Each structure stands twice: as C-alpha cells, then as structure tokens.
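Read the structure below first, then the notes.
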Amino acid sequence: MTARPRTGTPRRRRRAGTSTAARVAIAVPWVAFTILIIHFGGTVFAVALMGLGVVALHEFFTLLRPVRPVTLAGFAGVAGLIAAAAYGDQFQMVLVAVISVLLTFLLTLPRRDRRHVTLSIAVTLLGILWIGLALAHAVLLRGLDHGDGLIVDVLIATFIGDTGAYFGGRTWGTRALAPRISPSKTVEGLIAGMLAGTGAFVLASLYQDWLSATEALAIGAAVSAAAPLGDLFESMIKRDLGVKDTGRFFGEHGGALDRLDAAFFTVVVGYYVASALL
C-alpha cells in the first residue's frame, strides 16, 4: 500500500513564504518613501506626515464610529499640529491644541442627537493628541541639527526593537508582560527588543561623527524603552474594541496605526532626549 503524501506542512510553508514575500514587497517601497521624505524635509516631509496622519486618524475614527467622532475637527487638528511644528514652534502647537478643543465643541453644537456627545468629544481629542502630537514631534525632530540622521536612527531602533521583541519572545518568552492587554507579549521579548533597539541605534550612530557613543546609547535606550509602551497603548485600545488590525493600509503589515503605534511614542521621546543631549 502506497503511503499518501503529507501535504499539510508544504502548504503551511507555502503560505508562510507567500506572506513573507508579500510583507517584503510592501515594505521596500515604503522604506524608500520614508527615506525620500526625510531627505527632503521641510514642506515635503510635513505634507507627507499630514497624509499619514489623515489615514491613521481615519482608521481610529472608523473603529469608534458608533460614538460619532467629530471627524472634521480631528483632521483639522492633526494637520494644524503638524503645520505648527513645521512653520512655528511649541507655542503654536499648544495654540492649535487649544483651538482643537474649541472647534470640536462648536462642531457638536448643531447635532440634534446628543447621545454619546461626551464620548464623541473625548475620542476626537484623543485622536488629535495621540496621532497629531506624535507626528508634530517627528517634524520637530527632523528640524534639529542633523535631524535627518536622528529620525532615521530613531525609526531603525523602533522597528529593529520590534523585530527583536518578536523573535526574543518566540525563542525565550515564558513570562507574560501584560496578559490582559496583549497576551503574546513577554518580559523576555521586552528585554530582547530593548537590547536590539538600543544596539541598532548605537550601530547606526557609528556612521555619524556628530553623535558620540554615550549620546547614542542614551537616546537609543530611551527610544527602545518607549517603543513597547506605544505598542501596548494601541493594543489596549484594540483589545477594548475587539479588533485585531486597524486596517489594511500597509497590506500584510496591517493598518497605519498598527505599524506606527510604537513610532508615535519613540519620535516624541527621541526629540526630547536628543534636544537635551545634543
């Protein structure tokens, strides 16, 4: 009797290979796009971040559609914060944040149905502050001396740290980090990710003579500590709303929020630590 071939494993391998190839195919042009807009900086960088901000905020508002976020106020607030960072300073950013509160309130006044109006305002302002302030700080970071190199280093540390956390958790993970928020994350993965992210930042700095090893270690460690917090922040929101991915903007990688959640925290931390040290 001839044994039947086992087809399960090859299928799984093909699916895994197809998924990996799709991820790489999507990632390569986005990496090129990121390098390009960082290189140009200025208005090009700001406008590109506004586009990403609109996509990310749209995903967030779509998840919370039942409470009717004030979409116009949200998009205007995110764009305003980025513009304030590009053409003003932190004072203008605070001014835009204050105006966003007023605009959100004014745009809720004509509503006949006032159900969930408090949640509507709260969700709108959360989106503006979470997404808009992060992207505005990316503009501020790019505006520092050697800001192009700094923001590249921060992004490298962010994404290498995420990869290190994934493989570290799969290889050595035994203790859950935050089981009620993200059951798959482990303490071991956290440590591996922080070490990988810090190491990546330090290695990247070897090609930048304006950044000392001590400064690179300090900024890299701070960025690598902030990245998992950004990841957990978005995971908590998705867990509360019962969703796995926020969208498909990055194809196999998920939505804009899924890919940028850690970066929303790391660019802020990177800006303030770099400003203090350099």
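Just so we're on the same page: first chain in the structure tokens is A, next is B, and so on; residues restart at 1 for each chain, and ligands are numbered from 1 in the order they show up.
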
* Name the residues in contact with A:Ala213 at a cut-off of 12 Å, using only C-alpha atoms, excluding same-chain residues fewer than 4 positions from it; report them as a list in words. => Thr198, Gly199, Phe201, Val202, Leu203, Ala204, Ser205, Leu206, Tyr207, Gln208, Asp209, Leu217, Ala218, Ile219, Gly220 and Ala221 of chain A

Using all heavy atoms, can you export the residues from the last selection as a CSV table (one decimal), in the first residue's frame?
```csv
chain,number,residue,atom,x,y,z
A,198,THR,N,18.3,49.3,21.2
A,198,THR,CA,19.5,50.2,21.6
A,198,THR,C,20.7,49.9,20.8
A,198,THR,O,21.4,50.8,20.4
A,198,THR,CB,19.7,49.9,23.1
A,198,THR,OG1,18.6,50.2,23.9
A,198,THR,CG2,20.9,50.8,23.6
A,199,GLY,N,20.9,48.6,20.6
A,199,GLY,CA,22.1,48.2,19.7
A,199,GLY,C,22.0,48.7,18.3
A,199,GLY,O,23.0,49.2,17.8
A,201,PHE,N,20.5,51.4,17.3
A,201,PHE,CA,20.7,52.9,17.3
A,201,PHE,C,22.2,53.1,17.5
A,201,PHE,O,22.7,54.0,16.7
A,201,PHE,CB,20.0,53.5,18.5
A,201,PHE,CG,19.8,55.0,18.4
A,201,PHE,CD1,18.7,55.6,18.0
A,201,PHE,CD2,20.9,55.8,18.7
A,201,PHE,CE1,18.6,57.0,17.9
A,201,PHE,CE2,20.8,57.2,18.6
A,201,PHE,CZ,19.6,57.8,18.2
A,202,VAL,N,22.9,52.4,18.3
A,202,VAL,CA,24.3,52.6,18.5
A,202,VAL,C,25.1,52.3,17.2
A,202,VAL,O,26.0,53.0,16.8
A,202,VAL,CB,24.8,51.8,19.7
A,202,VAL,CG1,26.4,51.9,19.8
A,202,VAL,CG2,24.2,52.3,21.0
A,203,LEU,N,24.7,51.2,16.6
A,203,LEU,CA,25.4,50.8,15.3
A,203,LEU,C,25.1,51.8,14.3
A,203,LEU,O,26.1,52.2,13.5
A,203,LEU,CB,24.9,49.4,14.9
A,203,LEU,CG,25.4,48.2,15.7
A,203,LEU,CD1,24.7,46.9,15.2
A,203,LEU,CD2,26.9,48.1,15.6
A,204,ALA,N,23.9,52.3,14.2
A,204,ALA,CA,23.6,53.4,13.2
A,204,ALA,C,24.5,54.6,13.4
A,204,ALA,O,24.9,55.3,12.5
A,204,ALA,CB,22.1,53.7,13.2
A,205,SER,N,24.7,54.9,14.7
A,205,SER,CA,25.4,56.1,15.0
A,205,SER,C,26.9,56.1,14.7
A,205,SER,O,27.6,57.1,14.6
A,205,SER,CB,25.3,56.4,16.5
A,205,SER,OG,26.1,55.5,17.3
A,206,LEU,N,27.4,54.9,14.4
A,206,LEU,CA,28.8,54.7,14.1
A,206,LEU,C,29.2,55.4,12.8
A,206,LEU,O,30.3,55.7,12.5
A,206,LEU,CB,29.2,53.2,14.0
A,206,LEU,CG,29.1,52.4,15.3
A,206,LEU,CD1,29.4,50.9,15.0
A,206,LEU,CD2,30.0,53.0,16.3
A,207,TYR,N,28.1,55.6,11.9
A,207,TYR,CA,28.3,56.3,10.7
A,207,TYR,C,28.1,57.8,10.8
A,207,TYR,O,28.0,58.5,9.8
A,207,TYR,CB,27.4,55.7,9.6
A,207,TYR,CG,27.7,54.2,9.4
A,207,TYR,CD1,27.0,53.3,10.1
A,207,TYR,CD2,28.7,53.8,8.5
A,207,TYR,CE1,27.2,51.9,9.9
A,207,TYR,CE2,28.9,52.5,8.3
A,207,TYR,CZ,28.2,51.5,9.0
A,207,TYR,OH,28.5,50.2,8.8
A,208,GLN,N,27.9,58.3,12.0
A,208,GLN,CA,27.6,59.7,12.2
A,208,GLN,C,28.6,60.3,13.3
A,208,GLN,O,28.4,60.1,14.5
A,208,GLN,CB,26.1,59.9,12.7
A,208,GLN,CG,25.1,59.3,11.7
A,208,GLN,CD,23.8,58.9,12.3
A,208,GLN,OE1,23.7,58.7,13.5
A,208,GLN,NE2,22.8,58.9,11.4
A,209,ASP,N,29.6,61.1,12.8
A,209,ASP,CA,30.6,61.5,13.7
A,209,ASP,C,30.2,62.6,14.6
A,209,ASP,O,30.9,63.0,15.5
A,209,ASP,CB,31.8,62.0,12.9
A,209,ASP,CG,31.5,63.1,11.8
A,209,ASP,OD1,30.3,63.5,11.9
A,209,ASP,OD2,32.3,63.4,11.0
A,217,LEU,N,23.9,55.8,23.0
A,217,LEU,CA,23.5,54.8,24.0
A,217,LEU,C,22.3,55.3,24.8
A,217,LEU,O,21.3,54.6,25.0
A,217,LEU,CB,24.6,54.4,24.9
A,217,LEU,CG,24.3,53.3,25.9
A,217,LEU,CD1,23.9,52.0,25.2
A,217,LEU,CD2,25.5,53.0,26.8
A,218,ALA,N,22.4,56.6,25.2
A,218,ALA,CA,21.3,57.2,26.0
A,218,ALA,C,20.0,57.4,25.2
A,218,ALA,O,18.9,57.0,25.6
A,218,ALA,CB,21.8,58.6,26.5
A,219,ILE,N,20.2,57.9,23.9
A,219,ILE,CA,19.0,58.1,23.1
A,219,ILE,C,18.4,56.8,22.7
A,219,ILE,O,17.2,56.6,22.7
A,219,ILE,CB,19.3,59.0,21.8
A,219,ILE,CG1,19.9,60.3,22.2
A,219,ILE,CG2,18.1,59.1,21.0
A,219,ILE,CD1,20.4,61.1,21.1
A,220,GLY,N,19.3,55.8,22.3
A,220,GLY,CA,18.8,54.5,21.9
A,220,GLY,C,18.0,53.8,23.0
A,220,GLY,O,17.0,53.2,22.8
A,221,ALA,N,18.6,53.9,24.2
A,221,ALA,CA,17.9,53.2,25.3
A,221,ALA,C,16.5,53.8,25.6
A,221,ALA,O,15.6,53.1,25.9
A,221,ALA,CB,18.8,53.3,26.6
```

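Using only C-alpha atoms, the shortest contact distance between A:Leu52 and any of A:Ile131, A:Leu36, A:Thr266, A:Ala192 is found at A:Ile131.
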
Quiz item: Among stretch 70-257 of chain A, which residues carry a DSSP assignment of strand (DSSP E or B), reported as a ChimeraX atom specification?
Solution: /A:176-178,182-186

As a PyMOL selection string, please: the residues near A:Phe105 (cut-off 12 Å, only C-alpha atoms, same-chain neighbours under 5 positions excluded).
chain A and resi 69-70+72-74+98-100+110-111+114+117-122+124-125

Next on the checklist: From the options A:Met194, A:Ala225, A:Leu150, A:Val243, which residue's atoms come nearest to A:Leu278, counting only C-alpha atoms?
Outcome noted: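 Looking at the shortest contact to A:Leu278, the residue is A:Leu150.
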
Within 7 Å of A:Gly247, counting only C-alpha atoms, which residues show up once you throw out same-chain ones fewer than 6 positions away? Write them as a short mmCIF file (atom, residue, chain, number, x, y, z; two decimals) with N, CA and C atoms, in the first residue's frame, please.
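That gives us around-v6.cif:
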```
data_model
loop_
_atom_site.label_atom_id
_atom_site.label_comp_id
_atom_site.auth_asym_id
_atom_site.auth_seq_id
_atom_site.Cartn_x
_atom_site.Cartn_y
_atom_site.Cartn_z
N GLU A 59 -8.57 55.57 10.42
CA GLU A 59 -8.66 54.22 10.98
C GLU A 59 -9.20 54.27 12.40
N GLY A 254 -0.80 45.33 8.09
CA GLY A 254 -1.92 45.90 8.83
C GLY A 254 -2.16 47.36 8.50
N GLY A 255 -2.82 48.05 9.41
CA GLY A 255 -3.15 49.44 9.19
C GLY A 255 -2.02 50.39 9.57
#
```

Please return, as a ChimeraX atom specification, all residues of stretch 157-275 of chain A that DSSP assigns to alpha helix (DSSP H) on the basis of the backbone. /A:157-172,187-205,213-241,256-275

Here atom CA of A:Ile237 and atom CA of A:Ala79 stand apart by 22.8 Å

Exercise for review: Please provide as a list in words all residues within 10 Å of stretch 164-168 of chain A, with the sequence filter that same-chain residues fewer than 2 positions apart are discarded (counting only C-alpha atoms).
Suggested key: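 Here the answer would be Thr158, Phe159, Ile160, Gly161, Asp162, Arg170, Thr171, Trp172, Gly173, Ser184, Lys185, Thr186, Val187, Glu188, Gly189, Leu190, Ile191, Ala192, Gly193, Met194, Leu195, Ala196, Gly197 and Pro228 of chain A.
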
Could you take the residues named above and write them with N, CA, C and O atoms, as an mmCIF file, in the first residue's frame?
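Okay, this is what ended up in result-v9.cif:
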```
data_model
loop_
_atom_site.group_PDB
_atom_site.id
_atom_site.type_symbol
_atom_site.label_atom_id
_atom_site.label_comp_id
_atom_site.auth_asym_id
_atom_site.auth_seq_id
_atom_site.Cartn_x
_atom_site.Cartn_y
_atom_site.Cartn_z
ATOM 1 N N THR A 158 13.345 51.717 16.507
ATOM 2 C CA THR A 158 11.951 51.344 16.758
ATOM 3 C C THR A 158 11.599 50.020 16.102
ATOM 4 O O THR A 158 11.070 49.096 16.745
ATOM 5 N N PHE A 159 11.887 49.902 14.820
ATOM 6 C CA PHE A 159 11.452 48.717 14.082
ATOM 7 C C PHE A 159 12.365 47.515 14.317
ATOM 8 O O PHE A 159 11.889 46.369 14.344
ATOM 9 N N ILE A 160 13.676 47.744 14.518
ATOM 10 C CA ILE A 160 14.553 46.630 14.869
ATOM 11 C C ILE A 160 14.199 46.122 16.272
ATOM 12 O O ILE A 160 14.207 44.917 16.535
ATOM 13 N N GLY A 161 13.879 47.045 17.174
ATOM 14 C CA GLY A 161 13.459 46.642 18.510
ATOM 15 C C GLY A 161 12.193 45.807 18.476
ATOM 16 O O GLY A 161 12.066 44.810 19.201
ATOM 17 N N ASP A 162 11.250 46.179 17.615
ATOM 18 C CA ASP A 162 10.006 45.418 17.479
ATOM 19 C C ASP A 162 10.294 44.008 16.955
ATOM 20 O O ASP A 162 9.737 43.018 17.441
ATOM 21 N N ARG A 170 9.407 34.710 20.999
ATOM 22 C CA ARG A 170 9.156 33.359 20.484
ATOM 23 C C ARG A 170 10.215 32.366 20.956
ATOM 24 O O ARG A 170 9.932 31.197 21.179
ATOM 25 N N THR A 171 11.440 32.845 21.098
ATOM 26 C CA THR A 171 12.543 31.949 21.448
ATOM 27 C C THR A 171 12.632 31.696 22.950
ATOM 28 O O THR A 171 12.791 30.543 23.387
ATOM 29 N N TRP A 172 12.539 32.761 23.740
ATOM 30 C CA TRP A 172 12.776 32.618 25.180
ATOM 31 C C TRP A 172 11.564 32.980 26.046
ATOM 32 O O TRP A 172 11.591 32.798 27.251
ATOM 33 N N GLY A 173 10.510 33.483 25.444
ATOM 34 C CA GLY A 173 9.406 34.013 26.236
ATOM 35 C C GLY A 173 8.683 32.988 27.082
ATOM 36 O O GLY A 173 8.215 31.965 26.577
ATOM 37 N N SER A 184 0.338 37.788 23.959
ATOM 38 C CA SER A 184 1.507 37.200 23.302
ATOM 39 C C SER A 184 2.815 37.881 23.686
ATOM 40 O O SER A 184 3.894 37.340 23.422
ATOM 41 N N LYS A 185 2.759 39.049 24.300
ATOM 42 C CA LYS A 185 3.988 39.766 24.662
ATOM 43 C C LYS A 185 4.542 39.226 25.981
ATOM 44 O O LYS A 185 3.796 38.968 26.919
ATOM 45 N N THR A 186 5.862 39.086 26.023
ATOM 46 C CA THR A 186 6.521 38.518 27.202
ATOM 47 C C THR A 186 7.596 39.459 27.722
ATOM 48 O O THR A 186 8.077 40.345 27.006
ATOM 49 N N VAL A 187 7.965 39.225 28.977
ATOM 50 C CA VAL A 187 9.044 40.005 29.588
ATOM 51 C C VAL A 187 10.349 39.770 28.842
ATOM 52 O O VAL A 187 11.122 40.701 28.591
ATOM 53 N N GLU A 188 10.594 38.510 28.477
ATOM 54 C CA GLU A 188 11.822 38.187 27.746
ATOM 55 C C GLU A 188 11.857 38.889 26.385
ATOM 56 O O GLU A 188 12.910 39.362 25.944
ATOM 57 N N GLY A 189 10.696 38.932 25.735
ATOM 58 C CA GLY A 189 10.614 39.641 24.463
ATOM 59 C C GLY A 189 10.872 41.136 24.635
ATOM 60 O O GLY A 189 11.526 41.767 23.799
ATOM 61 N N LEU A 190 10.356 41.686 25.729
ATOM 62 C CA LEU A 190 10.591 43.107 26.023
ATOM 63 C C LEU A 190 12.084 43.385 26.164
ATOM 64 O O LEU A 190 12.608 44.342 25.575
ATOM 65 N N ILE A 191 12.764 42.557 26.930
ATOM 66 C CA ILE A 191 14.206 42.752 27.150
ATOM 67 C C ILE A 191 14.972 42.608 25.838
ATOM 68 O O ILE A 191 15.846 43.421 25.506
ATOM 69 N N ALA A 192 14.624 41.572 25.058
ATOM 70 C CA ALA A 192 15.295 41.360 23.775
ATOM 71 C C ALA A 192 15.064 42.543 22.840
ATOM 72 O O ALA A 192 15.985 42.986 22.137
ATOM 73 N N GLY A 193 13.846 43.056 22.835
ATOM 74 C CA GLY A 193 13.537 44.195 21.973
ATOM 75 C C GLY A 193 14.288 45.450 22.367
ATOM 76 O O GLY A 193 14.795 46.185 21.508
ATOM 77 N N MET A 194 14.386 45.704 23.671
ATOM 78 C CA MET A 194 15.103 46.888 24.131
ATOM 79 C C MET A 194 16.591 46.784 23.814
ATOM 80 O O MET A 194 17.219 47.767 23.392
ATOM 81 N N LEU A 195 17.153 45.596 23.990
ATOM 82 C CA LEU A 195 18.570 45.409 23.662
ATOM 83 C C LEU A 195 18.811 45.548 22.163
ATOM 84 O O LEU A 195 19.786 46.188 21.730
ATOM 85 N N ALA A 196 17.912 44.971 21.368
ATOM 86 C CA ALA A 196 18.063 45.056 19.914
ATOM 87 C C ALA A 196 17.911 46.484 19.426
ATOM 88 O O ALA A 196 18.686 46.955 18.578
ATOM 89 N N GLY A 197 16.913 47.199 19.957
ATOM 90 C CA GLY A 197 16.692 48.573 19.538
ATOM 91 C C GLY A 197 17.842 49.492 19.922
ATOM 92 O O GLY A 197 18.307 50.320 19.129
ATOM 93 N N PRO A 228 7.860 49.824 23.236
ATOM 94 C CA PRO A 228 6.844 48.866 23.695
ATOM 95 C C PRO A 228 5.648 49.538 24.375
ATOM 96 O O PRO A 228 4.549 48.991 24.371
#
```

With distances taken over only C-alpha atoms, the candidate from A:Asp148, A:Asp258, A:Asp153, A:Asp89 nearest A:Asp231 is A:Asp258

| said: My list of candidates is A:Ser212, A:Leu232, A:Asp261, A:Ala222. Which is closest to A:Leu177 when distances are computed with only C-alpha atoms? | reply: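 Answer, going by the shortest atom-to-atom distance: A:Leu232.
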
Distance query A:Ile181 at most 12 Å, only C-alpha atoms, self and fewer than 5 positions along chain excluded, as a CSV table (one decimal) with N, CA, C and O atoms, in the first residue's frame:
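New file out-v6.csv:
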```csv
chain,number,residue,atom,x,y,z
A,176,ALA,N,4.4,36.3,30.9
A,176,ALA,CA,3.6,37.3,30.2
A,176,ALA,C,3.9,38.7,30.7
A,176,ALA,O,4.0,38.9,31.9
A,186,THR,N,5.9,39.1,26.0
A,186,THR,CA,6.5,38.5,27.2
A,186,THR,C,7.6,39.5,27.7
A,186,THR,O,8.1,40.3,27.0
A,229,LEU,N,5.9,50.7,25.0
A,229,LEU,CA,4.7,51.4,25.6
A,229,LEU,C,3.8,51.9,24.5
A,229,LEU,O,2.5,51.8,24.7
A,231,ASP,N,3.3,50.4,21.6
A,231,ASP,CA,2.7,49.2,21.1
A,231,ASP,C,1.6,48.8,22.1
A,231,ASP,O,0.5,48.4,21.6
A,232,LEU,N,1.9,48.8,23.4
A,232,LEU,CA,0.9,48.4,24.4
A,232,LEU,C,-0.3,49.4,24.4
A,232,LEU,O,-1.5,49.0,24.6
A,233,PHE,N,0.0,50.7,24.2
A,233,PHE,CA,-1.1,51.6,24.1
A,233,PHE,C,-2.1,51.3,23.1
A,233,PHE,O,-3.4,51.3,23.3
A,234,GLU,N,-1.7,51.0,21.8
A,234,GLU,CA,-2.6,50.7,20.8
A,234,GLU,C,-3.2,49.3,21.0
A,234,GLU,O,-4.4,49.1,20.7
A,235,SER,N,-2.5,48.4,21.6
A,235,SER,CA,-3.0,47.1,21.9
A,235,SER,C,-4.2,47.2,22.9
A,235,SER,O,-5.2,46.4,22.7
A,236,MET,N,-4.0,48.0,23.8
A,236,MET,CA,-5.1,48.2,24.8
A,236,MET,C,-6.4,48.7,24.1
A,236,MET,O,-7.5,48.3,24.4
A,237,ILE,N,-6.2,49.7,23.2
A,237,ILE,CA,-7.4,50.2,22.5
A,237,ILE,C,-8.0,49.1,21.7
A,237,ILE,O,-9.3,48.9,21.7
A,238,LYS,N,-7.2,48.4,20.9
A,238,LYS,CA,-7.8,47.3,20.1
A,238,LYS,C,-8.4,46.2,20.9
A,238,LYS,O,-9.4,45.6,20.5
A,239,ARG,N,-7.8,45.9,22.0
A,239,ARG,CA,-8.4,44.9,22.9
A,239,ARG,C,-9.7,45.3,23.4
A,239,ARG,O,-10.7,44.6,23.5
A,240,ASP,N,-9.8,46.6,23.8
A,240,ASP,CA,-11.1,47.1,24.3
A,240,ASP,C,-12.2,47.1,23.2
A,240,ASP,O,-13.4,46.9,23.5
A,241,LEU,N,-11.8,47.4,22.0
A,241,LEU,CA,-12.7,47.4,20.9
A,241,LEU,C,-12.9,46.1,20.2
A,241,LEU,O,-13.8,46.0,19.3
A,242,GLY,N,-12.1,45.1,20.6
A,242,GLY,CA,-12.3,43.8,20.0
A,242,GLY,C,-11.9,43.6,18.5
A,242,GLY,O,-12.6,42.9,17.8
```
